[in-house]
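Novice: File input.pdb follows (PDB, C-alpha atoms, pLDDT in the B column):
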```
ATOM      1  CA  MET A  30      61.878 141.402 151.149  1.00 86.00           C
ATOM      2  CA  MET A  31      61.450 140.116 147.583  1.00 95.00           C
ATOM      3  CA  LEU A  32      64.193 137.605 146.680  1.00 95.00           C
ATOM      4  CA  SER A  33      65.118 136.472 143.184  1.00 97.00           C
ATOM      5  CA  ALA A  34      67.937 134.929 141.175  1.00 98.00           C
ATOM      6  CA  ARG A  35      68.958 135.366 137.556  1.00 98.00           C
ATOM      7  CA  GLU A  36      71.858 134.499 135.307  1.00 98.00           C
ATOM      8  CA  LEU A  37      75.010 136.604 135.407  1.00 98.00           C
ATOM      9  CA  GLN A  38      74.848 139.663 133.149  1.00 97.00           C
ATOM     10  CA  LYS A  39      77.608 141.952 131.896  1.00 97.00           C
ATOM     11  CA  GLU A  40      76.760 144.650 134.447  1.00 97.00           C
ATOM     12  CA  ASP A  41      77.325 142.151 137.299  1.00 98.00           C
ATOM     13  CA  ILE A  42      80.960 141.481 136.438  1.00 98.00           C
ATOM     14  CA  GLU A  43      82.301 144.491 138.308  1.00 97.00           C
ATOM     15  CA  LEU A  44      80.154 143.647 141.368  1.00 97.00           C
ATOM     16  CA  ILE A  45      81.645 140.143 141.650  1.00 97.00           C
ATOM     17  CA  THR A  46      85.130 141.474 140.924  1.00 97.00           C
ATOM     18  CA  GLN A  47      84.857 144.061 143.696  1.00 96.00           C
ATOM     19  CA  TYR A  48      83.454 141.478 146.110  1.00 96.00           C
ATOM     20  CA  TRP A  49      86.687 139.502 145.793  1.00 96.00           C
ATOM     21  CA  LEU A  50      89.094 142.443 145.582  1.00 96.00           C
ATOM     22  CA  SER A  51      87.631 144.453 148.469  1.00 94.00           C
ATOM     23  CA  ALA A  52      87.206 141.580 150.946  1.00 92.00           C
ATOM     24  CA  ASP A  53      89.441 141.770 153.978  1.00 89.00           C
ATOM     25  CA  LYS A  54      91.816 139.026 155.038  1.00 91.00           C
ATOM     26  CA  ALA A  55      89.732 137.888 158.029  1.00 92.00           C
ATOM     27  CA  PHE A  56      86.578 137.515 155.920  1.00 92.00           C
ATOM     28  CA  LEU A  57      88.406 135.554 153.217  1.00 93.00           C
ATOM     29  CA  GLU A  58      90.066 133.272 155.768  1.00 95.00           C
ATOM     30  CA  GLY A  59      86.678 132.691 157.419  1.00 93.00           C
ATOM     31  CA  MET A  60      85.377 131.209 154.172  1.00 94.00           C
ATOM     32  CA  GLY A  61      88.558 129.254 153.496  1.00 96.00           C
ATOM     33  CA  ALA A  62      90.076 131.566 150.868  1.00 96.00           C
ATOM     34  CA  ASP A  63      93.723 132.643 150.816  1.00 95.00           C
ATOM     35  CA  ILE A  64      94.112 136.401 150.186  1.00 93.00           C
ATOM     36  CA  GLU A  65      97.442 135.708 148.469  1.00 94.00           C
ATOM     37  CA  LYS A  66      95.649 133.600 145.834  1.00 96.00           C
ATOM     38  CA  ILE A  67      92.966 136.145 144.889  1.00 96.00           C
ATOM     39  CA  PRO A  68      93.452 137.037 141.207  1.00 96.00           C
ATOM     40  CA  ASP A  69      93.640 140.615 139.964  1.00 97.00           C
ATOM     41  CA  HIS A  70      90.882 142.705 138.413  1.00 97.00           C
ATOM     42  CA  ASP A  71      91.714 141.737 134.819  1.00 97.00           C
ATOM     43  CA  TYR A  72      91.464 138.019 135.616  1.00 97.00           C
ATOM     44  CA  TRP A  73      87.960 138.369 137.078  1.00 97.00           C
ATOM     45  CA  VAL A  74      86.695 140.521 134.219  1.00 97.00           C
ATOM     46  CA  SER A  75      88.140 138.169 131.606  1.00 96.00           C
ATOM     47  CA  MET A  76      86.903 134.962 133.264  1.00 95.00           C
ATOM     48  CA  LEU A  77      83.403 136.279 133.936  1.00 96.00           C
ATOM     49  CA  SER A  78      83.096 137.851 130.468  1.00 97.00           C
ATOM     50  CA  GLN A  79      84.072 134.556 128.869  1.00 94.00           C
ATOM     51  CA  GLN A  80      81.336 132.834 130.866  1.00 92.00           C
ATOM     52  CA  LEU A  81      78.762 135.039 129.154  1.00 95.00           C
ATOM     53  CA  GLU A  82      79.998 134.093 125.672  1.00 96.00           C
ATOM     54  CA  LEU A  83      80.108 130.303 126.022  1.00 97.00           C
ATOM     55  CA  SER A  84      77.283 127.824 125.567  1.00 97.00           C
ATOM     56  CA  TYR A  85      76.204 125.849 128.611  1.00 98.00           C
ATOM     57  CA  GLU A  86      78.054 122.819 127.246  1.00 97.00           C
ATOM     58  CA  GLU A  87      81.322 124.806 127.059  1.00 97.00           C
ATOM     59  CA  LYS A  88      81.190 126.687 130.364  1.00 96.00           C
ATOM     60  CA  LYS A  89      83.915 126.082 132.939  1.00 94.00           C
ATOM     61  CA  SER A  90      82.053 128.300 135.396  1.00 96.00           C
ATOM     62  CA  TYR A  91      78.450 129.499 135.504  1.00 97.00           C
ATOM     63  CA  ALA A  92      76.948 132.049 137.894  1.00 97.00           C
ATOM     64  CA  THR A  93      73.620 133.324 139.052  1.00 98.00           C
ATOM     65  CA  ILE A  94      73.139 136.675 140.731  1.00 98.00           C
ATOM     66  CA  TRP A  95      71.076 136.910 143.875  1.00 97.00           C
ATOM     67  CA  LEU A  96      68.806 139.915 144.328  1.00 97.00           C
ATOM     68  CA  ALA A  97      66.896 141.359 147.272  1.00 94.00           C
ATOM     69  CA  ASP A  98      64.220 143.831 146.246  1.00 94.00           C
ATOM     70  CA  GLY A  99      65.822 143.974 142.797  1.00 95.00           C
ATOM     71  CA  ILE A 100      69.290 144.879 144.104  1.00 95.00           C
ATOM     72  CA  PRO A 101      72.193 142.454 143.580  1.00 97.00           C
ATOM     73  CA  VAL A 102      73.354 141.135 146.965  1.00 96.00           C
ATOM     74  CA  GLY A 103      75.376 138.035 146.094  1.00 96.00           C
ATOM     75  CA  HIS A 104      76.104 135.289 143.661  1.00 97.00           C
ATOM     76  CA  CYS A 105      76.031 131.533 143.411  1.00 98.00           C
ATOM     77  CA  ASN A 106      78.218 129.743 140.920  1.00 97.00           C
ATOM     78  CA  ILE A 107      79.257 126.320 139.788  1.00 98.00           C
ATOM     79  CA  ASN A 108      82.615 125.188 138.476  1.00 97.00           C
ATOM     80  CA  LYS A 109      84.372 121.893 137.793  1.00 97.00           C
ATOM     81  CA  ILE A 110      81.436 121.410 135.418  1.00 98.00           C
ATOM     82  CA  VAL A 111      81.088 118.127 133.588  1.00 98.00           C
ATOM     83  CA  PHE A 112      78.105 118.944 131.394  1.00 98.00           C
ATOM     84  CA  GLY A 113      75.335 116.375 131.763  1.00 98.00           C
ATOM     85  CA  GLU A 114      76.970 114.932 134.884  1.00 98.00           C
ATOM     86  CA  ALA A 115      78.109 117.037 137.850  1.00 98.00           C
ATOM     87  CA  ALA A 116      79.435 120.366 139.112  1.00 98.00           C
ATOM     88  CA  TYR A 117      80.557 122.040 142.353  1.00 98.00           C
ATOM     89  CA  MET A 118      78.571 124.945 143.786  1.00 98.00           C
ATOM     90  CA  HIS A 119      79.728 128.023 145.723  1.00 97.00           C
ATOM     91  CA  LEU A 120      77.521 130.547 147.519  1.00 95.00           C
ATOM     92  CA  HIS A 121      78.368 134.155 148.389  1.00 94.00           C
ATOM     93  CA  LEU A 122      76.409 136.951 150.016  1.00 91.00           C
ATOM     94  CA  TRP A 123      78.422 140.092 149.414  1.00 93.00           C
ATOM     95  CA  ASN A 124      78.058 142.089 152.631  1.00 85.00           C
ATOM     96  CA  ASN A 125      77.218 141.883 156.311  1.00 72.00           C
ATOM     97  CA  THR A 126      73.825 143.556 155.909  1.00 73.00           C
ATOM     98  CA  THR A 127      72.493 140.529 153.998  1.00 73.00           C
ATOM     99  CA  ARG A 128      74.292 137.704 155.791  1.00 72.00           C
ATOM    100  CA  GLN A 129      72.612 135.661 158.531  1.00 71.00           C
ATOM    101  CA  LYS A 130      69.169 136.994 157.654  1.00 74.00           C
ATOM    102  CA  GLY A 131      67.741 133.631 156.597  1.00 78.00           C
ATOM    103  CA  MET A 132      67.675 134.422 152.885  1.00 91.00           C
ATOM    104  CA  GLY A 133      70.445 132.023 151.820  1.00 92.00           C
ATOM    105  CA  VAL A 134      68.198 128.955 151.750  1.00 94.00           C
ATOM    106  CA  GLU A 135      65.692 130.549 149.389  1.00 95.00           C
ATOM    107  CA  LEU A 136      68.384 132.067 147.185  1.00 96.00           C
ATOM    108  CA  VAL A 137      70.192 128.722 146.794  1.00 97.00           C
ATOM    109  CA  LYS A 138      66.872 127.070 145.904  1.00 97.00           C
ATOM    110  CA  MET A 139      66.322 129.748 143.250  1.00 97.00           C
ATOM    111  CA  SER A 140      69.727 129.031 141.694  1.00 98.00           C
ATOM    112  CA  LEU A 141      69.287 125.257 141.522  1.00 98.00           C
ATOM    113  CA  PRO A 142      67.081 125.215 138.388  1.00 98.00           C
ATOM    114  CA  TYR A 143      69.711 127.192 136.454  1.00 98.00           C
ATOM    115  CA  PHE A 144      72.416 124.701 137.349  1.00 98.00           C
ATOM    116  CA  PHE A 145      70.488 121.435 137.103  1.00 98.00           C
ATOM    117  CA  GLU A 146      68.452 122.300 134.018  1.00 98.00           C
ATOM    118  CA  ASN A 147      70.856 124.390 131.939  1.00 98.00           C
ATOM    119  CA  CYS A 148      73.902 122.184 132.590  1.00 98.00           C
ATOM    120  CA  GLU A 149      71.802 119.004 132.641  1.00 98.00           C
ATOM    121  CA  LEU A 150      73.363 117.918 135.937  1.00 98.00           C
ATOM    122  CA  LYS A 151      72.745 114.573 137.565  1.00 98.00           C
ATOM    123  CA  THR A 152      74.591 115.603 140.741  1.00 98.00           C
ATOM    124  CA  LEU A 153      75.526 118.904 142.354  1.00 98.00           C
ATOM    125  CA  TYR A 154      78.232 119.022 145.014  1.00 98.00           C
ATOM    126  CA  CYS A 155      79.333 121.689 147.455  1.00 98.00           C
ATOM    127  CA  GLU A 156      82.343 121.490 149.729  1.00 97.00           C
ATOM    128  CA  PRO A 157      82.484 124.547 152.003  1.00 97.00           C
ATOM    129  CA  TYR A 158      85.090 125.143 154.653  1.00 97.00           C
ATOM    130  CA  ALA A 159      84.065 122.957 157.599  1.00 97.00           C
ATOM    131  CA  LEU A 160      84.676 125.826 160.048  1.00 96.00           C
ATOM    132  CA  ASN A 161      82.354 128.191 158.147  1.00 94.00           C
ATOM    133  CA  ALA A 162      79.020 127.341 159.742  1.00 93.00           C
ATOM    134  CA  ALA A 163      76.746 129.484 157.550  1.00 92.00           C
ATOM    135  CA  PRO A 164      77.021 127.622 154.210  1.00 95.00           C
ATOM    136  CA  ASN A 165      76.968 124.239 155.940  1.00 96.00           C
ATOM    137  CA  LYS A 166      73.721 125.118 157.749  1.00 96.00           C
ATOM    138  CA  THR A 167      72.254 126.516 154.534  1.00 96.00           C
ATOM    139  CA  LEU A 168      73.050 123.373 152.533  1.00 98.00           C
ATOM    140  CA  ALA A 169      71.421 121.158 155.164  1.00 97.00           C
ATOM    141  CA  LYS A 170      68.273 123.331 155.178  1.00 96.00           C
ATOM    142  CA  VAL A 171      68.089 123.351 151.367  1.00 97.00           C
ATOM    143  CA  GLY A 172      68.088 119.549 151.309  1.00 97.00           C
ATOM    144  CA  PHE A 173      71.637 118.599 150.357  1.00 98.00           C
ATOM    145  CA  THR A 174      72.930 115.325 151.795  1.00 98.00           C
ATOM    146  CA  PHE A 175      76.065 115.460 153.952  1.00 98.00           C
ATOM    147  CA  ILE A 176      78.584 112.920 152.638  1.00 98.00           C
ATOM    148  CA  LYS A 177      81.788 113.356 154.656  1.00 98.00           C
ATOM    149  CA  GLU A 178      84.336 115.728 156.152  1.00 98.00           C
ATOM    150  CA  PHE A 179      87.939 115.582 154.963  1.00 97.00           C
ATOM    151  CA  ILE A 180      91.064 117.687 154.381  1.00 98.00           C
ATOM    152  CA  SER A 181      91.388 119.256 150.929  1.00 96.00           C
ATOM    153  CA  THR A 182      92.329 122.328 148.935  1.00 95.00           C
ATOM    154  CA  PRO A 183      88.901 122.628 147.309  1.00 92.00           C
ATOM    155  CA  GLY A 184      89.671 125.328 144.768  1.00 92.00           C
ATOM    156  CA  PHE A 185      92.345 127.574 143.330  1.00 92.00           C
ATOM    157  CA  LEU A 186      91.510 130.350 145.832  1.00 94.00           C
ATOM    158  CA  ASN A 187      91.724 128.127 148.909  1.00 96.00           C
ATOM    159  CA  PHE A 188      94.278 126.996 151.444  1.00 96.00           C
ATOM    160  CA  GLU A 189      94.343 123.380 152.618  1.00 97.00           C
ATOM    161  CA  GLN A 190      91.451 122.980 155.047  1.00 97.00           C
ATOM    162  CA  PRO A 191      88.817 120.667 156.475  1.00 98.00           C
ATOM    163  CA  VAL A 192      85.797 120.666 154.142  1.00 98.00           C
ATOM    164  CA  LYS A 193      82.350 119.162 154.367  1.00 98.00           C
ATOM    165  CA  LEU A 194      81.188 117.495 151.178  1.00 98.00           C
ATOM    166  CA  TRP A 195      77.482 117.900 150.407  1.00 98.00           C
ATOM    167  CA  GLU A 196      75.593 116.349 147.505  1.00 98.00           C
ATOM    168  CA  MET A 197      72.258 116.829 145.794  1.00 98.00           C
ATOM    169  CA  SER A 198      70.980 114.472 143.109  1.00 98.00           C
ATOM    170  CA  TYR A 199      68.680 115.522 140.293  1.00 98.00           C
ATOM    171  CA  GLU A 200      65.907 113.559 142.018  1.00 98.00           C
ATOM    172  CA  GLN A 201      66.431 115.459 145.287  1.00 97.00           C
ATOM    173  CA  TYR A 202      66.400 118.730 143.361  1.00 98.00           C
ATOM    174  CA  LYS A 203      63.099 117.850 141.661  1.00 97.00           C
ATOM    175  CA  ALA A 204      61.566 116.859 145.003  1.00 95.00           C
ATOM    176  CA  ILE A 205      62.344 120.212 146.666  1.00 92.00           C
ATOM    177  CA  THR A 206      61.390 122.399 143.703  1.00 84.00           C
ATOM    178  CA  LYS A 207      57.896 121.017 143.103  1.00 74.00           C
TER     179      LYS A 207
END
```
So that I can check it, write out the structure of this file as structure tokens.
Specialist:
Amino acid sequence: MMLSARELQKEDIELITQYWLSADKAFLEGMGADIEKIPDHDYWVSMLSQQLELSYEEKKSYATIWLADGIPVGHCNINKIVFGEAAYMHLHLWNNTTRQKGMGVELVKMSLPYFFENCELKTLYCEPYALNAAPNKTLAKVGFTFIKEFISTPGFLNFEQPVKLWEMSYEQYKAITK
């Protein structure tokens, strides 16, 4: 299977929107999201469209699309962006046919240059739900450093939960992408 990553494009907006709006309650809870907090269609379209119009320095969110054999299968995004400093990463494979196939590690690695280089990051963080094993295993395999586990509400879509904080410095990124 040929894997690749690219920046979000206009035609991807509906794919991400449907990922969030069609997910069932059990799946959302398994990743730490609260179905009651999922925004409507118009929110997603507006937010993602705005992302395409802003410069890297102005972005509040920035996404890459993951592809398998040229077909979009997921996305990786950063938010809480402080340009030239840090951001928080999120990783999403959109359906069961692509999850737990071992492709997450390579897809995350393919997204890192977009985030580190285009947003000039010194540090990239990720704080997945501690009870969601898949992203935590992926982050460890990619080369992120585990910092700590604590209770938080990590984002506007989440319920209060135990999270694991992972970190990657620019130097770590350069070392794994040589």
Novice: Which of these, A:Tyr154, A:Lys138, A:Met60, A:His70, has the shortest distance to Val111 of chain A once you count all atoms listed in the file?
Specialist: A:Tyr154
Novice: Between atom CA of Leu81 of chain A and atom CA of Tyr158 of chain A, what is the spacing in Å?
Specialist: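 Going from atom CA of Tyr158 of chain A over to atom CA of Leu81 of chain A, I get 28.1 Å.
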Novice: Please evaluate the PyMOL selection byres ((chain A and resi 68) around 10) against the displayed coordinates and give the resulting residues as a ChimeraX atom specification.
Specialist: /A:46,49-50,64-67,69-73,185-186
Novice: So which one's closest to Leu136 of chain A, A:Val192, A:Ile100, A:Gln47, A:Cys105? Using all atoms listed in the file, please.
Specialist: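 Answer, going by the shortest atom-to-atom distance: A:Cys105.
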Novice: Taking the file as I've supplied it (selection: the PyMOL selection byres ((chain A and resi 152) around 6)), which residues are included? Please answer as a VMD selection string.
Specialist: chain A and resid 115 150 to 151 153 197 to 199
Novice: Residues within 8 Å of Ser90 of chain A, please, as a list in words. Count all atoms listed in the file; anything in the same chain fewer than 2 positions from it doesn't count.
Specialist: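 Result of the neighbour search: Gln80, Lys88, Ala92, Asn106, Ile107, Asn108, Lys109 and Ile110 of chain A.
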Novice: What gap, in Å, lies between atom CA of Phe173 of chain A and atom CA of Trp195 of chain A?
Specialist: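 Taking atom CA of Phe173 of chain A as the start and atom CA of Trp195 of chain A as the end point, the length is 5.9 Å.
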Novice: When you count all atoms listed in the file, which of these residues is closest to Arg35 of chain A: A:Val74, A:Val137, A:Leu122, A:Ala55?
Specialist: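 Between A:Val74, A:Val137, A:Leu122, A:Ala55, the residue approaching Arg35 of chain A most closely is A:Val137.
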Novice: What is the atom CA of Glu36 of chain A-atom CA of Phe188 of chain A distance in Å, reported with one decimal?
Specialist: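 Atom-to-atom, atom CA of Glu36 of chain A and atom CA of Phe188 of chain A are spaced 28.6 Å apart.
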Novice: So that I can check the surroundings of Glu189 of chain A, please list as a PyMOL selection string every protein, DNA and RNA residue that reaches within 10 Å of it, counting all atoms listed in the file and ignoring chain neighbours fewer than 2 positions away.
Specialist: chain A and resi 61-63+158+180-184+187+191-192
Novice: Kindly indicate which residue among A:His121, A:Lys207, A:Lys39, A:Lys170 lies nearest to Phe56 of chain A, using all atoms listed in the file for the distances.
Specialist: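 Using all atoms listed in the file, Phe56 of chain A sits closest to A:His121.
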Novice: Counting all atoms listed in the file, which residue out of A:Ser51, A:Asn147, A:Ser84, A:Gln129 sits closest to Ala116 of chain A?
Specialist: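 Smallest distance to Ala116 of chain A is found for A:Asn147.
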Novice: Given the file above and the PyMOL selection byres ((chain A and resi 103) around 10), which residues are selected, and can you give them as a PDB file with C-alpha atoms, in the coordinates of the input?
Specialist:
```
ATOM      1  CA  ALA A  34      67.937 134.929 141.175  1.00 98.00           C
ATOM      2  CA  ASP A  41      77.325 142.151 137.299  1.00 98.00           C
ATOM      3  CA  LEU A  44      80.154 143.647 141.368  1.00 97.00           C
ATOM      4  CA  ILE A  45      81.645 140.143 141.650  1.00 97.00           C
ATOM      5  CA  TYR A  48      83.454 141.478 146.110  1.00 96.00           C
ATOM      6  CA  THR A  93      73.620 133.324 139.052  1.00 98.00           C
ATOM      7  CA  ILE A  94      73.139 136.675 140.731  1.00 98.00           C
ATOM      8  CA  TRP A  95      71.076 136.910 143.875  1.00 97.00           C
ATOM      9  CA  LEU A  96      68.806 139.915 144.328  1.00 97.00           C
ATOM     10  CA  ALA A  97      66.896 141.359 147.272  1.00 94.00           C
ATOM     11  CA  ILE A 100      69.290 144.879 144.104  1.00 95.00           C
ATOM     12  CA  PRO A 101      72.193 142.454 143.580  1.00 97.00           C
ATOM     13  CA  VAL A 102      73.354 141.135 146.965  1.00 96.00           C
ATOM     14  CA  HIS A 104      76.104 135.289 143.661  1.00 97.00           C
ATOM     15  CA  CYS A 105      76.031 131.533 143.411  1.00 98.00           C
ATOM     16  CA  LEU A 120      77.521 130.547 147.519  1.00 95.00           C
ATOM     17  CA  HIS A 121      78.368 134.155 148.389  1.00 94.00           C
ATOM     18  CA  LEU A 122      76.409 136.951 150.016  1.00 91.00           C
ATOM     19  CA  TRP A 123      78.422 140.092 149.414  1.00 93.00           C
ATOM     20  CA  ASN A 124      78.058 142.089 152.631  1.00 85.00           C
ATOM     21  CA  THR A 127      72.493 140.529 153.998  1.00 73.00           C
ATOM     22  CA  ARG A 128      74.292 137.704 155.791  1.00 72.00           C
ATOM     23  CA  GLY A 133      70.445 132.023 151.820  1.00 92.00           C
ATOM     24  CA  LEU A 136      68.384 132.067 147.185  1.00 96.00           C
TER      25      LEU A 136
END
```
Novice: Please, could N, CA and C atoms be added to segment 177-194 of chain A and the result written as a compact mmCIF listing (two decimals), keeping the file's coordinate frame?
Specialist:
```
# COMPACT_ATOMS: atom_id res chain seq x y z
N LYS A 177 80.65 113.59 153.77
CA LYS A 177 81.79 113.36 154.66
C LYS A 177 82.55 114.65 154.88
N GLU A 178 83.40 114.63 155.90
CA GLU A 178 84.34 115.73 156.15
C GLU A 178 85.73 115.19 155.91
N PHE A 179 86.57 116.00 155.25
CA PHE A 179 87.94 115.58 154.96
C PHE A 179 88.81 116.82 154.73
N ILE A 180 90.11 116.61 154.63
CA ILE A 180 91.06 117.69 154.38
C ILE A 180 91.29 117.79 152.88
N SER A 181 91.23 119.04 152.36
CA SER A 181 91.39 119.26 150.93
C SER A 181 91.80 120.70 150.67
N THR A 182 92.21 120.97 149.46
CA THR A 182 92.33 122.33 148.94
C THR A 182 91.27 122.39 147.84
N PRO A 183 90.05 122.80 148.20
CA PRO A 183 88.90 122.63 147.31
C PRO A 183 88.91 123.45 146.02
N GLY A 184 89.66 124.51 145.98
CA GLY A 184 89.67 125.33 144.77
C GLY A 184 90.94 126.15 144.68
N PHE A 185 91.12 126.82 143.56
CA PHE A 185 92.34 127.57 143.33
C PHE A 185 92.51 128.78 144.25
N LEU A 186 91.45 129.23 144.90
CA LEU A 186 91.51 130.35 145.83
C LEU A 186 91.76 129.92 147.28
N ASN A 187 91.74 128.63 147.54
CA ASN A 187 91.72 128.13 148.91
C ASN A 187 93.08 127.67 149.43
N PHE A 188 93.17 127.65 150.76
CA PHE A 188 94.28 127.00 151.44
C PHE A 188 93.81 125.60 151.82
N GLU A 189 94.74 124.72 152.17
CA GLU A 189 94.34 123.38 152.62
C GLU A 189 93.51 123.53 153.88
N GLN A 190 92.41 122.79 153.96
CA GLN A 190 91.45 122.98 155.05
C GLN A 190 90.53 121.77 155.20
N PRO A 191 89.88 121.67 156.36
CA PRO A 191 88.82 120.67 156.48
C PRO A 191 87.59 121.17 155.71
N VAL A 192 87.01 120.32 154.89
CA VAL A 192 85.80 120.67 154.14
C VAL A 192 84.71 119.64 154.45
N LYS A 193 83.49 120.07 154.26
CA LYS A 193 82.35 119.16 154.37
C LYS A 193 81.79 119.01 152.96
N LEU A 194 81.72 117.78 152.50
CA LEU A 194 81.19 117.50 151.18
C LEU A 194 79.69 117.23 151.27
```
